2 protein chains.
Amino acid sequence: MTQTKTKTTRIQEINRGIILDAALEVFSAYGFRGTTIDQIAEKAGMSKPNLLYYFPRKEEIYVNVLEKTLDDWLTPFRHIDPKGDPLDEMAKYIIAKLKLSESRPESSRVFANEILHGAPAIGDFLQTHLRQIVDRKIAVIRTWIDEGRLAPVDPHHLIFMIWATTQHYADFKVQIGAVVPDRVEDEKFYEETAAAIITILFNGIRPRQDY
Amino acid sequence: MTQTKTKTTRIQEINRGIILDAALEVFSAYGFRGTTIDQIAEKAGMSKPNLLYYFPRKEEIYVNVLEKTLDDWLTPFRHIDPKGDPLDEMAKYIIAKLKLSESRPESSRVFANEILHGAPAIGDFLQTHLRQIVDRKIAVIRTWIDEGRLAPVDPHHLIFMIWATTQHYADFKVQIGAVVPDRVEDEKFYEETAAAIITILFNGIRPRQDY
DNA sequence: AAAAAACTTGACTGATTGGTCAAAATGTAG
DNA sequence: CTACATTTTGACCAATCAGTCAAGTTTTTT
C-alpha cells in the first residue's frame with residue numbers, strides 16, 4: 001500500500017475554497033493572461049506566497065476554477081429527462097440555464113472565454129465527455145421527434161441555439177444593458193426573458209392564420 | 001487656416017493596414033492583455049519600434065481593430081429592410097451573419113471578447129450608436145407584428161436570439177467542432193446551419209397537428 | 001508541554017513586455 | 001544631385017509579474 005499521502009486538512013479545504021472563489025471573479029473579469037496572482041491573493045485576503053502554497057502554479061488555479069464552471073454549466077443539461085414531456089423539458093432547461101446566467105454570470109464568462117480562445121485547457125474534455133453527453137441527448141431528441149412529440153428539427157442546431165441564447169444573457173450582459181430600455185437588473189427581467197425565449201422557440205415567428 | 005498637418009503617405013496607408021490585419025489575428029487568439037506588441041510586429045513583418053511608429057500605444061491598435069470589427073458586425077443589421085418581407089429579411093440577416101461568422105471569425109471573436117470583459121473600450125458606443133440603431137430596428141419589427149406579418153414576439157429578445165445564435169458559430173467554433181460528428185470545416189456545414197436555424201426560428205419546435 | 005507538521009509572509013529574482021531614443025537607411029521634392 | 005522629410009531598427013529602460021526562499025508563526029499530534 002504505497003499510497004501517496006493526500007491528507008487534506010481543515011484549513012486547506014477552507015483556503016482552497018476562498019482562493020477559487022476569488023479567482024473565479026478575477027478570471028471572469030480579466031481572462032487568464034489579464035489576471036495576476038497578486039489580484040487573486042488580495043481578493044482572497046492572503047499573501048501571494050501563501051496562495052502559491054495551495055496552488056503552486058497560476059494555471060492550476062485556473063484549471064480548478066474551470067472545472068467548477070464546467071460542472072455548473074453541464075448540470076442542467078444532464079437533467080433533461082428522456083421520460084418527461086419534450087416541451088416541458090426544453091422549457092425547464094432554458095429556465096435553469098437562464099437562472100444560472102443570472103446568478104453566476106462569472107462562471108459563464110470564464111467558460112466562454114476559455115472556448116473563445118480555443119479551449120487550450122479543456123479541449124480534451126470537450127471532445128470526450130461533452131461529446132458523449134451531447135450524443136446521448138441528441139438521441140433523446142431524435143426519439144421525441146420520431147414519436148411526433150417535437151417538430152422535425154436538427155437536434156444539434158437546436159441545442160446550439162439554446163446554448164447560445166441562454167449563454168448570451170450572461171456573457172453579453174453589458175451589451176444587453178446598453179440596448180434594453182429599462183433595468184436589466186430588474187427582478188422581473190429574467191422571467192420575461194425566459195418567457196419570451198420559450199415563446200419564440202416553441203412557436204416560431206411565422207404568423208399564424210388565426211386572424 | 002491653422003489646420004493640423006495630417007498628410008497620410010502611401011507607405012503609411014499600406015503599413016497601417018498590414019498592422020491592423022496582423023493585430024486582428026493576434027488579438028482574436030489571445031485577447032488584449034494576452035497579446036504582445038512583438039507578436040503583432042512579427043506577424044506584420046516589421047520591427048516593434050517601427051510598429052510603434054504607426055501606432056504609438058498598444059491600445060490604439062486595439063481600438064482601431066475594434067472599430068473595424070464593429071463595422072463588420074453591424075453592417076448586416078443595418079441592411080434589414082423595413083419594406084421587405086419580414087421573414088425574408090430575417091432569413092437574409094441570419095444568412096449574412098452566419099456567412100460572416102464563417103469568413104471572418106476573428107472579427108467576431110475580438111468583438112465578443114471585448115463585450116465579455118465589460119466593453120471597456122466601446123461601452124460608450126454601445127450606449128449611444130448601437131442603442132440607437134437597435135431602437136430603430138425594434139420599431140420596424142413592432143410594425144411588422146402590428147401588421148400581422150410576424151408572430152407577436154418580444155422584439156428585443158428576438159434580436160438577442162439571432163445575435164446569440166449566429167455569433168455562437170464563430171465564437172464557440174471549438175466547442176461545436178468537438179460535438180458535431182463530421183467536419184465543421186465542411187463546405188456544406190454553413191448552409192445546413194442556416195437552413196436549420198431558419199426552420200427552427202420560423203416554425204418553432206412545437207409539433208404541428210398534421211399527422 | 002514539547003516536538004513535529006502545517007501554515008504564513010517579507011524580501012527577492014529572473015523573465016517578459018510596453019515603450020523610448022538616437023542613429024541609420026530610404027524615399028521624395030526641387 | 002542635394003537637401004529635407006519619412007521610415008526603420010538595434011539597443012536600452014523601467015515596470016510588471018510568476019514564482020522562490022528562508023525564516024517565522026500557528027496548529028496538531030503525542
# chains A, B, ... in the order shown; residues from 1 in each chain; ligands from 1

call {"tool": "residues_around", "arguments": {"residues": "Ile159 (chain B)", "least_positions_apart": "5", "cutoff": "9 Å", "atoms": "only C-alpha atoms (C1' of nucleotides)", "output": "list in words"}}
result
Val134, Ile138, Asp154 and Ala164 of chain B

call {"tool": "residues_around", "arguments": {"residues": "Ser103 (chain A)", "least_positions_apart": "6", "cutoff": "12 Å", "atoms": "only C-alpha atoms (C1' of nucleotides)", "output": "PyMOL selection string"}}
result
chain A and resi 72+96-97+169-170+185+187+190

call {"tool": "residues_around", "arguments": {"residues": "region 10-21 of chain B", "least_positions_apart": "6", "cutoff": "12 Å", "atoms": "only C-alpha atoms (C1' of nucleotides)", "output": "VMD selection string"}}
result
(chain B and resid 27 to 28 37 to 48 50 to 56 58 60 to 69 104 106 to 107) or (chain C and resid 26 to 27) or (chain D and resid 6 to 7)

call {"tool": "select_by_dssp", "arguments": {"residues": "chain B", "states": "helix (DSSP H, G or I)", "output": "PyMOL selection string"}}
result
chain B and resi 10-34+37-44+48-54+58-78+86-103+105-116+123-146+155-171+173-179+189-203

call {"tool": "closest_atom_pairs", "arguments": {"of": "chain D", "to": "chain A", "cutoff": "10 Å", "atoms": "only C-alpha atoms (C1' of nucleotides)", "output": "tab-separated table"}}
result
residue	atom	partner	partner_atom	distance
D:DT16	C1'	A:Thr36	CA	9.7
D:DC17	C1'	A:Thr36	CA	7.2
D:DA18	C1'	A:Ile37	CA	7.7
D:DG19	C1'	A:Arg57	CA	8.0
D:DT20	C1'	A:Pro49	CA	9.0
D:DT27	C1'	A:Ile11	CA	9.7

call {"tool": "interface_residues", "arguments": {"of": "chain A", "to": "chain B", "cutoff": "6 Å", "atoms": "only C-alpha atoms", "output": "VMD selection string"}}
result
chain A and resid 29 33 to 34 115 to 118 126 to 127 131 149 to 151 161 164 to 165 168 171 to 172 174 178 to 179 201 to 207

call {"tool": "write_last_selection", "arguments": {"atoms": "N, CA and C atoms", "output": "mmCIF file, in the first residue's frame"}}
result
data_model
loop_
_atom_site.group_PDB
_atom_site.id
_atom_site.type_symbol
_atom_site.label_atom_id
_atom_site.label_comp_id
_atom_site.auth_asym_id
_atom_site.auth_seq_id
_atom_site.Cartn_x
_atom_site.Cartn_y
_atom_site.Cartn_z
ATOM 1 N N ALA A 29 -13.356 38.520 -14.981
ATOM 2 C CA ALA A 29 -13.278 39.929 -15.366
ATOM 3 C C ALA A 29 -12.115 40.206 -16.315
ATOM 4 N N ARG A 33 -4.676 35.541 -18.951
ATOM 5 C CA ARG A 33 -3.474 36.367 -19.019
ATOM 6 C C ARG A 33 -3.655 37.696 -18.288
ATOM 7 N N GLY A 34 -4.848 38.229 -18.344
ATOM 8 C CA GLY A 34 -5.105 39.524 -17.733
ATOM 9 C C GLY A 34 -5.167 39.495 -16.218
ATOM 10 N N ILE A 115 -13.403 28.915 -24.185
ATOM 11 C CA ILE A 115 -13.777 28.397 -25.502
ATOM 12 C C ILE A 115 -13.356 29.380 -26.600
ATOM 13 N N LEU A 116 -13.638 30.646 -26.349
ATOM 14 C CA LEU A 116 -13.330 31.699 -27.311
ATOM 15 C C LEU A 116 -11.864 31.653 -27.730
ATOM 16 N N HIS A 117 -11.001 31.328 -26.785
ATOM 17 C CA HIS A 117 -9.574 31.315 -27.080
ATOM 18 C C HIS A 117 -9.077 29.932 -27.466
ATOM 19 N N GLY A 118 -10.023 29.069 -27.899
ATOM 20 C CA GLY A 118 -9.614 27.778 -28.435
ATOM 21 C C GLY A 118 -9.557 26.644 -27.433
ATOM 22 N N LEU A 126 -13.900 18.529 -23.915
ATOM 23 C CA LEU A 126 -14.965 18.762 -24.881
ATOM 24 C C LEU A 126 -15.096 17.578 -25.839
ATOM 25 N N GLN A 127 -13.962 17.093 -26.318
ATOM 26 C CA GLN A 127 -14.010 16.032 -27.325
ATOM 27 C C GLN A 127 -14.372 14.669 -26.762
ATOM 28 N N ARG A 131 -18.790 15.615 -25.691
ATOM 29 C CA ARG A 131 -19.270 14.930 -26.892
ATOM 30 C C ARG A 131 -20.203 13.778 -26.531
ATOM 31 N N ARG A 149 -43.535 14.105 -31.061
ATOM 32 C CA ARG A 149 -43.785 14.991 -29.919
ATOM 33 C C ARG A 149 -42.943 16.258 -29.990
ATOM 34 N N LEU A 150 -42.181 16.375 -31.060
ATOM 35 C CA LEU A 150 -41.345 17.557 -31.284
ATOM 36 C C LEU A 150 -41.280 17.740 -32.799
ATOM 37 N N ALA A 151 -41.276 18.983 -33.249
ATOM 38 C CA ALA A 151 -41.183 19.226 -34.692
ATOM 39 C C ALA A 151 -39.858 18.655 -35.208
ATOM 40 N N MET A 161 -28.619 26.485 -30.482
ATOM 41 C CA MET A 161 -29.436 27.693 -30.342
ATOM 42 C C MET A 161 -29.757 27.974 -28.887
ATOM 43 N N ALA A 164 -26.494 28.970 -27.077
ATOM 44 C CA ALA A 164 -26.077 30.314 -27.466
ATOM 45 C C ALA A 164 -26.946 31.364 -26.796
ATOM 46 N N THR A 165 -28.246 31.156 -26.889
ATOM 47 C CA THR A 165 -29.162 32.173 -26.393
ATOM 48 C C THR A 165 -29.048 32.356 -24.883
ATOM 49 N N HIS A 168 -25.814 33.870 -23.845
ATOM 50 C CA HIS A 168 -25.738 35.273 -24.254
ATOM 51 C C HIS A 168 -26.119 36.234 -23.131
ATOM 52 N N ASP A 171 -22.995 36.400 -20.859
ATOM 53 C CA ASP A 171 -21.740 36.845 -21.455
ATOM 54 C C ASP A 171 -21.829 38.234 -22.067
ATOM 55 N N PHE A 172 -22.972 38.564 -22.623
ATOM 56 C CA PHE A 172 -23.134 39.847 -23.308
ATOM 57 C C PHE A 172 -24.000 40.805 -22.510
ATOM 58 N N VAL A 174 -23.384 43.328 -20.736
ATOM 59 C CA VAL A 174 -23.104 44.754 -20.947
ATOM 60 C C VAL A 174 -23.828 45.258 -22.187
ATOM 61 N N ALA A 178 -26.971 47.903 -22.474
ATOM 62 C CA ALA A 178 -26.841 49.145 -23.237
ATOM 63 C C ALA A 178 -28.010 49.336 -24.193
ATOM 64 N N VAL A 179 -28.661 48.246 -24.523
ATOM 65 C CA VAL A 179 -29.633 48.271 -25.609
ATOM 66 C C VAL A 179 -31.082 48.174 -25.122
ATOM 67 N N LEU A 201 -39.114 30.059 -29.331
ATOM 68 C CA LEU A 201 -38.586 28.742 -29.670
ATOM 69 C C LEU A 201 -39.715 27.722 -29.902
ATOM 70 N N PHE A 202 -40.744 27.811 -29.149
ATOM 71 C CA PHE A 202 -41.831 26.842 -29.291
ATOM 72 C C PHE A 202 -42.660 27.099 -30.544
ATOM 73 N N ASN A 203 -42.984 28.362 -30.773
ATOM 74 C CA ASN A 203 -43.957 28.661 -31.827
ATOM 75 C C ASN A 203 -43.374 29.273 -33.089
ATOM 76 N N GLY A 204 -42.164 29.786 -32.977
ATOM 77 C CA GLY A 204 -41.569 30.432 -34.131
ATOM 78 C C GLY A 204 -42.115 31.826 -34.351
ATOM 79 N N ILE A 205 -41.605 32.491 -35.386
ATOM 80 C CA ILE A 205 -42.019 33.875 -35.625
ATOM 81 C C ILE A 205 -42.920 33.994 -36.852
ATOM 82 N N ARG A 206 -43.223 32.882 -37.481
ATOM 83 C CA ARG A 206 -44.140 32.917 -38.620
ATOM 84 C C ARG A 206 -45.545 33.190 -38.094
ATOM 85 N N PRO A 207 -46.220 34.172 -38.677
ATOM 86 C CA PRO A 207 -47.560 34.491 -38.170
ATOM 87 C C PRO A 207 -48.543 33.366 -38.475
#

call {"tool": "atom_distance", "arguments": {"atom1": "CA of Phe189 (chain A)", "atom2": "CA of Ala139 (chain B)"}}
result
20.4 Å

call {"tool": "closest_residue", "arguments": {"among": "C:DG30, C:DA25, C:DT16, C:DT9", "to": "chain B", "atoms": "only C-alpha atoms (C1' of nucleotides)"}}
result
C:DT16

call {"tool": "closest_atom_pairs", "arguments": {"of": "chain C", "to": "chain A", "cutoff": "10 Å", "atoms": "only C-alpha atoms (C1' of nucleotides)", "output": "Markdown table"}}
result
| residue | atom | partner | partner_atom | distance |
| --- | --- | --- | --- | --- |
| C:DA6 | C1' | A:Thr9 | CA | 8.9 |
| C:DC7 | C1' | A:Asn50 | CA | 8.0 |
| C:DT8 | C1' | A:Asn50 | CA | 6.0 |
| C:DT9 | C1' | A:Ser47 | CA | 6.6 |
| C:DG10 | C1' | A:Ser47 | CA | 9.8 |

call {"tool": "write_last_selection", "arguments": {"atoms": "N, CA and C atoms (P, O5', C5', C4', C3', O3' and C1' of nucleotides)", "output": "mmCIF file, in the first residue's frame"}}
result
data_model
loop_
_atom_site.group_PDB
_atom_site.id
_atom_site.type_symbol
_atom_site.label_atom_id
_atom_site.label_comp_id
_atom_site.auth_asym_id
_atom_site.auth_seq_id
_atom_site.Cartn_x
_atom_site.Cartn_y
_atom_site.Cartn_z
ATOM 1 P P DA C 6 2.110 17.707 7.529
ATOM 2 O "O5'" DA C 6 1.459 19.158 7.710
ATOM 3 C "C5'" DA C 6 0.379 19.314 8.621
ATOM 4 C "C4'" DA C 6 0.026 20.779 8.707
ATOM 5 C "C3'" DA C 6 -0.194 21.455 7.353
ATOM 6 O "O3'" DA C 6 -1.440 22.132 7.424
ATOM 7 C "C1'" DA C 6 1.309 22.724 8.673
ATOM 8 P P DC C 7 -1.982 22.926 6.182
ATOM 9 O "O5'" DC C 7 -1.483 24.414 6.483
ATOM 10 C "C5'" DC C 7 -1.968 25.062 7.660
ATOM 11 C "C4'" DC C 7 -1.261 26.383 7.837
ATOM 12 C "C3'" DC C 7 -1.437 27.402 6.702
ATOM 13 O "O3'" DC C 7 -2.143 28.498 7.237
ATOM 14 C "C1'" DC C 7 0.788 27.360 7.531
ATOM 15 P P DT C 8 -2.597 29.718 6.333
ATOM 16 O "O5'" DT C 8 -1.351 30.691 6.418
ATOM 17 C "C5'" DT C 8 -1.086 31.399 7.638
ATOM 18 C "C4'" DT C 8 0.110 32.313 7.463
ATOM 19 C "C3'" DT C 8 0.050 33.232 6.245
ATOM 20 O "O3'" DT C 8 -0.069 34.568 6.704
ATOM 21 C "C1'" DT C 8 2.202 32.271 6.524
ATOM 22 P P DT C 9 -0.326 35.739 5.667
ATOM 23 O "O5'" DT C 9 1.153 36.253 5.435
ATOM 24 C "C5'" DT C 9 1.956 36.603 6.569
ATOM 25 C "C4'" DT C 9 3.349 36.957 6.138
ATOM 26 C "C3'" DT C 9 3.436 37.850 4.893
ATOM 27 O "O3'" DT C 9 4.287 38.940 5.187
ATOM 28 C "C1'" DT C 9 4.912 36.042 4.707
ATOM 29 P P DG C 10 4.043 40.371 4.617
ATOM 30 O "O5'" DG C 10 5.540 40.953 4.660
ATOM 31 C "C5'" DG C 10 6.344 40.812 5.843
ATOM 32 C "C4'" DG C 10 7.812 40.855 5.481
ATOM 33 C "C3'" DG C 10 8.193 41.944 4.480
ATOM 34 O "O3'" DG C 10 9.498 42.436 4.827
ATOM 35 C "C1'" DG C 10 8.656 39.803 3.533
#

call {"tool": "atom_distance", "arguments": {"atom1": "CA of Pro76 (chain B)", "atom2": "CA of Ile95 (chain B)"}}
result
9.4 Å

call {"tool": "closest_residue", "arguments": {"among": "B:Ala22, B:Val140, B:Asp71, B:Asp186", "to": "Gly84 (chain B)", "atoms": "only C-alpha atoms"}}
result
B:Val140

call {"tool": "residues_around", "arguments": {"residues": "DT29 (chain D)", "least_positions_apart": "3", "cutoff": "9 Å", "atoms": "only C-alpha atoms (C1' of nucleotides)", "output": "short mmCIF file (atom, residue, chain, number, x, y, z; two decimals) with N, CA and C atoms (P, O5', C5', C4', C3', O3' and C1' of nucleotides), in the first residue's frame"}}
result
data_model
loop_
_atom_site.label_atom_id
_atom_site.label_comp_id
_atom_site.auth_asym_id
_atom_site.auth_seq_id
_atom_site.Cartn_x
_atom_site.Cartn_y
_atom_site.Cartn_z
P DA C 3 11.50 18.99 22.87
"O5'" DA C 3 10.84 18.38 21.56
"C5'" DA C 3 10.24 17.08 21.62
"C4'" DA C 3 9.49 16.83 20.33
"C3'" DA C 3 10.24 17.27 19.07
"O3'" DA C 3 10.23 16.20 18.15
"C1'" DA C 3 8.07 18.22 19.11
P DA C 4 10.95 16.35 16.74
"O5'" DA C 4 9.70 16.34 15.75
"C5'" DA C 4 8.61 15.46 16.03
"C4'" DA C 4 7.43 15.84 15.17
"C3'" DA C 4 7.80 16.14 13.71
"O3'" DA C 4 6.90 15.43 12.88
"C1'" DA C 4 6.54 17.92 14.61
P DA C 5 7.13 15.35 11.30
"O5'" DA C 5 5.84 16.11 10.73
"C5'" DA C 5 4.57 15.88 11.35
"C4'" DA C 5 3.65 17.03 11.00
"C3'" DA C 5 3.70 17.46 9.53
"O3'" DA C 5 2.41 17.31 8.99
"C1'" DA C 5 3.79 19.34 10.98
#

call {"tool": "decode", "arguments": {"residues": "region 1-29 of chain C", "atoms": "N, CA and C atoms (P, O5', C5', C4', C3', O3' and C1' of nucleotides)", "output": "short mmCIF file (atom, residue, chain, number, x, y, z; two decimals), in the first residue's frame"}}
result
data_model
loop_
_atom_site.label_atom_id
_atom_site.label_comp_id
_atom_site.auth_asym_id
_atom_site.auth_seq_id
_atom_site.Cartn_x
_atom_site.Cartn_y
_atom_site.Cartn_z
P DA C 1 3.15 24.12 29.90
"O5'" DA C 1 3.25 22.53 30.11
"C5'" DA C 1 4.39 21.83 30.61
"C4'" DA C 1 5.09 21.13 29.47
"C3'" DA C 1 5.84 22.08 28.53
"O3'" DA C 1 7.05 21.42 28.18
"C1'" DA C 1 4.34 20.77 27.27
P DA C 2 8.39 22.11 28.01
"O5'" DA C 2 8.95 21.19 26.84
"C5'" DA C 2 8.88 19.77 27.00
"C4'" DA C 2 8.78 19.10 25.65
"C3'" DA C 2 9.64 19.73 24.56
"O3'" DA C 2 10.36 18.67 23.94
"C1'" DA C 2 7.42 19.52 23.79
P DA C 3 11.50 18.99 22.87
"O5'" DA C 3 10.84 18.38 21.56
"C5'" DA C 3 10.24 17.08 21.62
"C4'" DA C 3 9.49 16.83 20.33
"C3'" DA C 3 10.24 17.27 19.07
"O3'" DA C 3 10.23 16.20 18.15
"C1'" DA C 3 8.07 18.22 19.11
P DA C 4 10.95 16.35 16.74
"O5'" DA C 4 9.70 16.34 15.75
"C5'" DA C 4 8.61 15.46 16.03
"C4'" DA C 4 7.43 15.84 15.17
"C3'" DA C 4 7.80 16.14 13.71
"O3'" DA C 4 6.90 15.43 12.88
"C1'" DA C 4 6.54 17.92 14.61
P DA C 5 7.13 15.35 11.30
"O5'" DA C 5 5.84 16.11 10.73
"C5'" DA C 5 4.57 15.88 11.35
"C4'" DA C 5 3.65 17.03 11.00
"C3'" DA C 5 3.70 17.46 9.53
"O3'" DA C 5 2.41 17.31 8.99
"C1'" DA C 5 3.79 19.34 10.98
P DA C 6 2.11 17.71 7.53
"O5'" DA C 6 1.46 19.16 7.71
"C5'" DA C 6 0.38 19.31 8.62
"C4'" DA C 6 0.03 20.78 8.71
"C3'" DA C 6 -0.19 21.46 7.35
"O3'" DA C 6 -1.44 22.13 7.42
"C1'" DA C 6 1.31 22.72 8.67
P DC C 7 -1.98 22.93 6.18
"O5'" DC C 7 -1.48 24.41 6.48
"C5'" DC C 7 -1.97 25.06 7.66
"C4'" DC C 7 -1.26 26.38 7.84
"C3'" DC C 7 -1.44 27.40 6.70
"O3'" DC C 7 -2.14 28.50 7.24
"C1'" DC C 7 0.79 27.36 7.53
P DT C 8 -2.60 29.72 6.33
"O5'" DT C 8 -1.35 30.69 6.42
"C5'" DT C 8 -1.09 31.40 7.64
"C4'" DT C 8 0.11 32.31 7.46
"C3'" DT C 8 0.05 33.23 6.25
"O3'" DT C 8 -0.07 34.57 6.70
"C1'" DT C 8 2.20 32.27 6.52
P DT C 9 -0.33 35.74 5.67
"O5'" DT C 9 1.15 36.25 5.43
"C5'" DT C 9 1.96 36.60 6.57
"C4'" DT C 9 3.35 36.96 6.14
"C3'" DT C 9 3.44 37.85 4.89
"O3'" DT C 9 4.29 38.94 5.19
"C1'" DT C 9 4.91 36.04 4.71
P DG C 10 4.04 40.37 4.62
"O5'" DG C 10 5.54 40.95 4.66
"C5'" DG C 10 6.34 40.81 5.84
"C4'" DG C 10 7.81 40.85 5.48
"C3'" DG C 10 8.19 41.94 4.48
"O3'" DG C 10 9.50 42.44 4.83
"C1'" DG C 10 8.66 39.80 3.53
P DA C 11 10.19 43.56 3.97
"O5'" DA C 11 11.19 42.72 3.06
"C5'" DA C 11 12.07 41.76 3.66
"C4'" DA C 11 12.88 41.08 2.56
"C3'" DA C 11 13.31 42.01 1.43
"O3'" DA C 11 14.68 41.77 1.12
"C1'" DA C 11 12.17 40.14 0.54
P DC C 12 15.42 42.61 -0.01
"O5'" DC C 12 15.43 41.58 -1.23
"C5'" DC C 12 16.06 40.32 -1.04
"C4'" DC C 12 15.68 39.37 -2.16
"C3'" DC C 12 16.09 39.83 -3.56
"O3'" DC C 12 17.23 39.08 -3.96
"C1'" DC C 12 13.94 38.75 -3.51
P DT C 13 17.97 39.42 -5.34
"O5'" DT C 13 17.27 38.44 -6.37
"C5'" DT C 13 17.20 37.03 -6.11
"C4'" DT C 13 16.66 36.35 -7.36
"C3'" DT C 13 17.19 36.97 -8.65
"O3'" DT C 13 17.47 35.94 -9.57
"C1'" DT C 13 14.84 37.06 -8.64
P DG C 14 18.61 36.18 -10.67
"O5'" DG C 14 17.91 35.54 -11.94
"C5'" DG C 14 17.05 34.40 -11.80
"C4'" DG C 14 15.98 34.46 -12.86
"C3'" DG C 14 16.46 34.95 -14.22
"O3'" DG C 14 15.86 34.13 -15.21
"C1'" DG C 14 14.69 36.31 -13.48
P DA C 15 16.29 34.28 -16.72
"O5'" DA C 15 14.87 34.51 -17.41
"C5'" DA C 15 13.74 33.85 -16.86
"C4'" DA C 15 12.47 34.49 -17.37
"C3'" DA C 15 12.57 34.97 -18.83
"O3'" DA C 15 11.41 34.52 -19.50
"C1'" DA C 15 11.88 36.76 -17.42
P DT C 16 11.26 34.81 -21.05
"O5'" DT C 16 10.13 35.93 -21.10
"C5'" DT C 16 8.99 35.79 -20.25
"C4'" DT C 16 8.21 37.07 -20.22
"C3'" DT C 16 7.95 37.70 -21.60
"O3'" DT C 16 6.55 37.87 -21.73
"C1'" DT C 16 8.72 39.32 -20.04
P DT C 17 5.87 38.26 -23.10
"O5'" DT C 17 5.74 39.84 -22.97
"C5'" DT C 17 5.09 40.38 -21.83
"C4'" DT C 17 5.22 41.88 -21.82
"C3'" DT C 17 5.17 42.51 -23.23
"O3'" DT C 17 4.32 43.61 -23.19
"C1'" DT C 17 7.00 43.33 -22.04
P DG C 18 3.46 44.04 -24.47
"O5'" DG C 18 3.26 45.59 -24.23
"C5'" DG C 18 2.66 46.04 -23.04
"C4'" DG C 18 3.16 47.44 -22.74
"C3'" DG C 18 3.06 48.41 -23.91
"O3'" DG C 18 2.62 49.67 -23.43
"C1'" DG C 18 5.33 48.21 -23.21
P DG C 19 2.27 50.86 -24.43
"O5'" DG C 19 3.70 51.55 -24.55
"C5'" DG C 19 4.24 52.18 -23.38
"C4'" DG C 19 5.66 52.60 -23.66
"C3'" DG C 19 5.87 53.51 -24.88
"O3'" DG C 19 6.34 54.76 -24.42
"C1'" DG C 19 7.58 51.88 -24.66
P DT C 20 6.76 55.93 -25.40
"O5'" DT C 20 8.34 55.92 -25.27
"C5'" DT C 20 8.94 56.01 -23.98
"C4'" DT C 20 10.45 56.16 -24.12
"C3'" DT C 20 10.91 57.28 -25.07
"O3'" DT C 20 11.91 58.03 -24.39
"C1'" DT C 20 11.94 55.22 -25.67
P DC C 21 12.33 59.46 -24.97
"O5'" DC C 21 13.68 59.09 -25.76
"C5'" DC C 21 14.59 58.15 -25.18
"C4'" DC C 21 15.80 57.98 -26.10
"C3'" DC C 21 15.96 59.09 -27.13
"O3'" DC C 21 17.34 59.37 -27.29
"C1'" DC C 21 15.83 57.02 -28.22
P DA C 22 17.85 60.82 -27.76
"O5'" DA C 22 19.33 60.49 -28.28
"C5'" DA C 22 19.92 59.21 -27.98
"C4'" DA C 22 20.47 58.59 -29.25
"C3'" DA C 22 20.90 59.59 -30.32
"O3'" DA C 22 22.04 59.07 -31.00
"C1'" DA C 22 19.30 58.16 -31.23
P DA C 23 22.94 59.97 -31.96
"O5'" DA C 23 23.64 58.88 -32.89
"C5'" DA C 23 23.52 57.49 -32.60
"C4'" DA C 23 23.07 56.75 -33.83
"C3'" DA C 23 23.56 57.34 -35.17
"O3'" DA C 23 24.04 56.29 -35.99
"C1'" DA C 23 21.26 56.98 -35.27
P DA C 24 24.91 56.62 -37.30
"O5'" DA C 24 24.27 55.67 -38.40
"C5'" DA C 24 23.99 54.31 -38.07
"C4'" DA C 24 22.86 53.82 -38.94
"C3'" DA C 24 23.09 54.02 -40.45
"O3'" DA C 24 22.83 52.79 -41.11
"C1'" DA C 24 20.97 54.86 -39.81
P DA C 25 23.26 52.61 -42.62
"O5'" DA C 25 21.84 52.60 -43.34
"C5'" DA C 25 20.88 51.62 -42.94
"C4'" DA C 25 19.58 51.92 -43.62
"C3'" DA C 25 19.66 52.09 -45.14
"O3'" DA C 25 18.67 51.25 -45.70
"C1'" DA C 25 18.51 53.93 -44.17
P DT C 26 18.66 50.98 -47.26
"O5'" DT C 26 17.39 51.81 -47.72
"C5'" DT C 26 16.17 51.67 -46.97
"C4'" DT C 26 15.26 52.82 -47.30
"C3'" DT C 26 15.09 53.09 -48.79
"O3'" DT C 26 13.74 52.83 -49.11
"C1'" DT C 26 15.28 55.09 -47.54
P DG C 27 13.22 52.88 -50.61
"O5'" DG C 27 12.52 54.30 -50.63
"C5'" DG C 27 11.40 54.51 -49.76
"C4'" DG C 27 11.02 55.97 -49.79
"C3'" DG C 27 10.62 56.52 -51.16
"O3'" DG C 27 9.40 57.20 -51.00
"C1'" DG C 27 12.23 57.93 -50.16
P DT C 28 8.58 57.72 -52.25
"O5'" DT C 28 8.91 59.28 -52.24
"C5'" DT C 28 8.73 60.02 -51.03
"C4'" DT C 28 9.05 61.48 -51.28
"C3'" DT C 28 8.71 62.01 -52.68
"O3'" DT C 28 8.20 63.31 -52.54
"C1'" DT C 28 10.97 62.44 -52.21
P DA C 29 7.29 63.96 -53.67
"O5'" DA C 29 7.57 65.52 -53.48
"C5'" DA C 29 8.15 65.99 -52.23
"C4'" DA C 29 9.00 67.22 -52.51
"C3'" DA C 29 8.66 68.01 -53.77
"O3'" DA C 29 8.82 69.39 -53.49
"C1'" DA C 29 10.88 67.24 -53.93
#
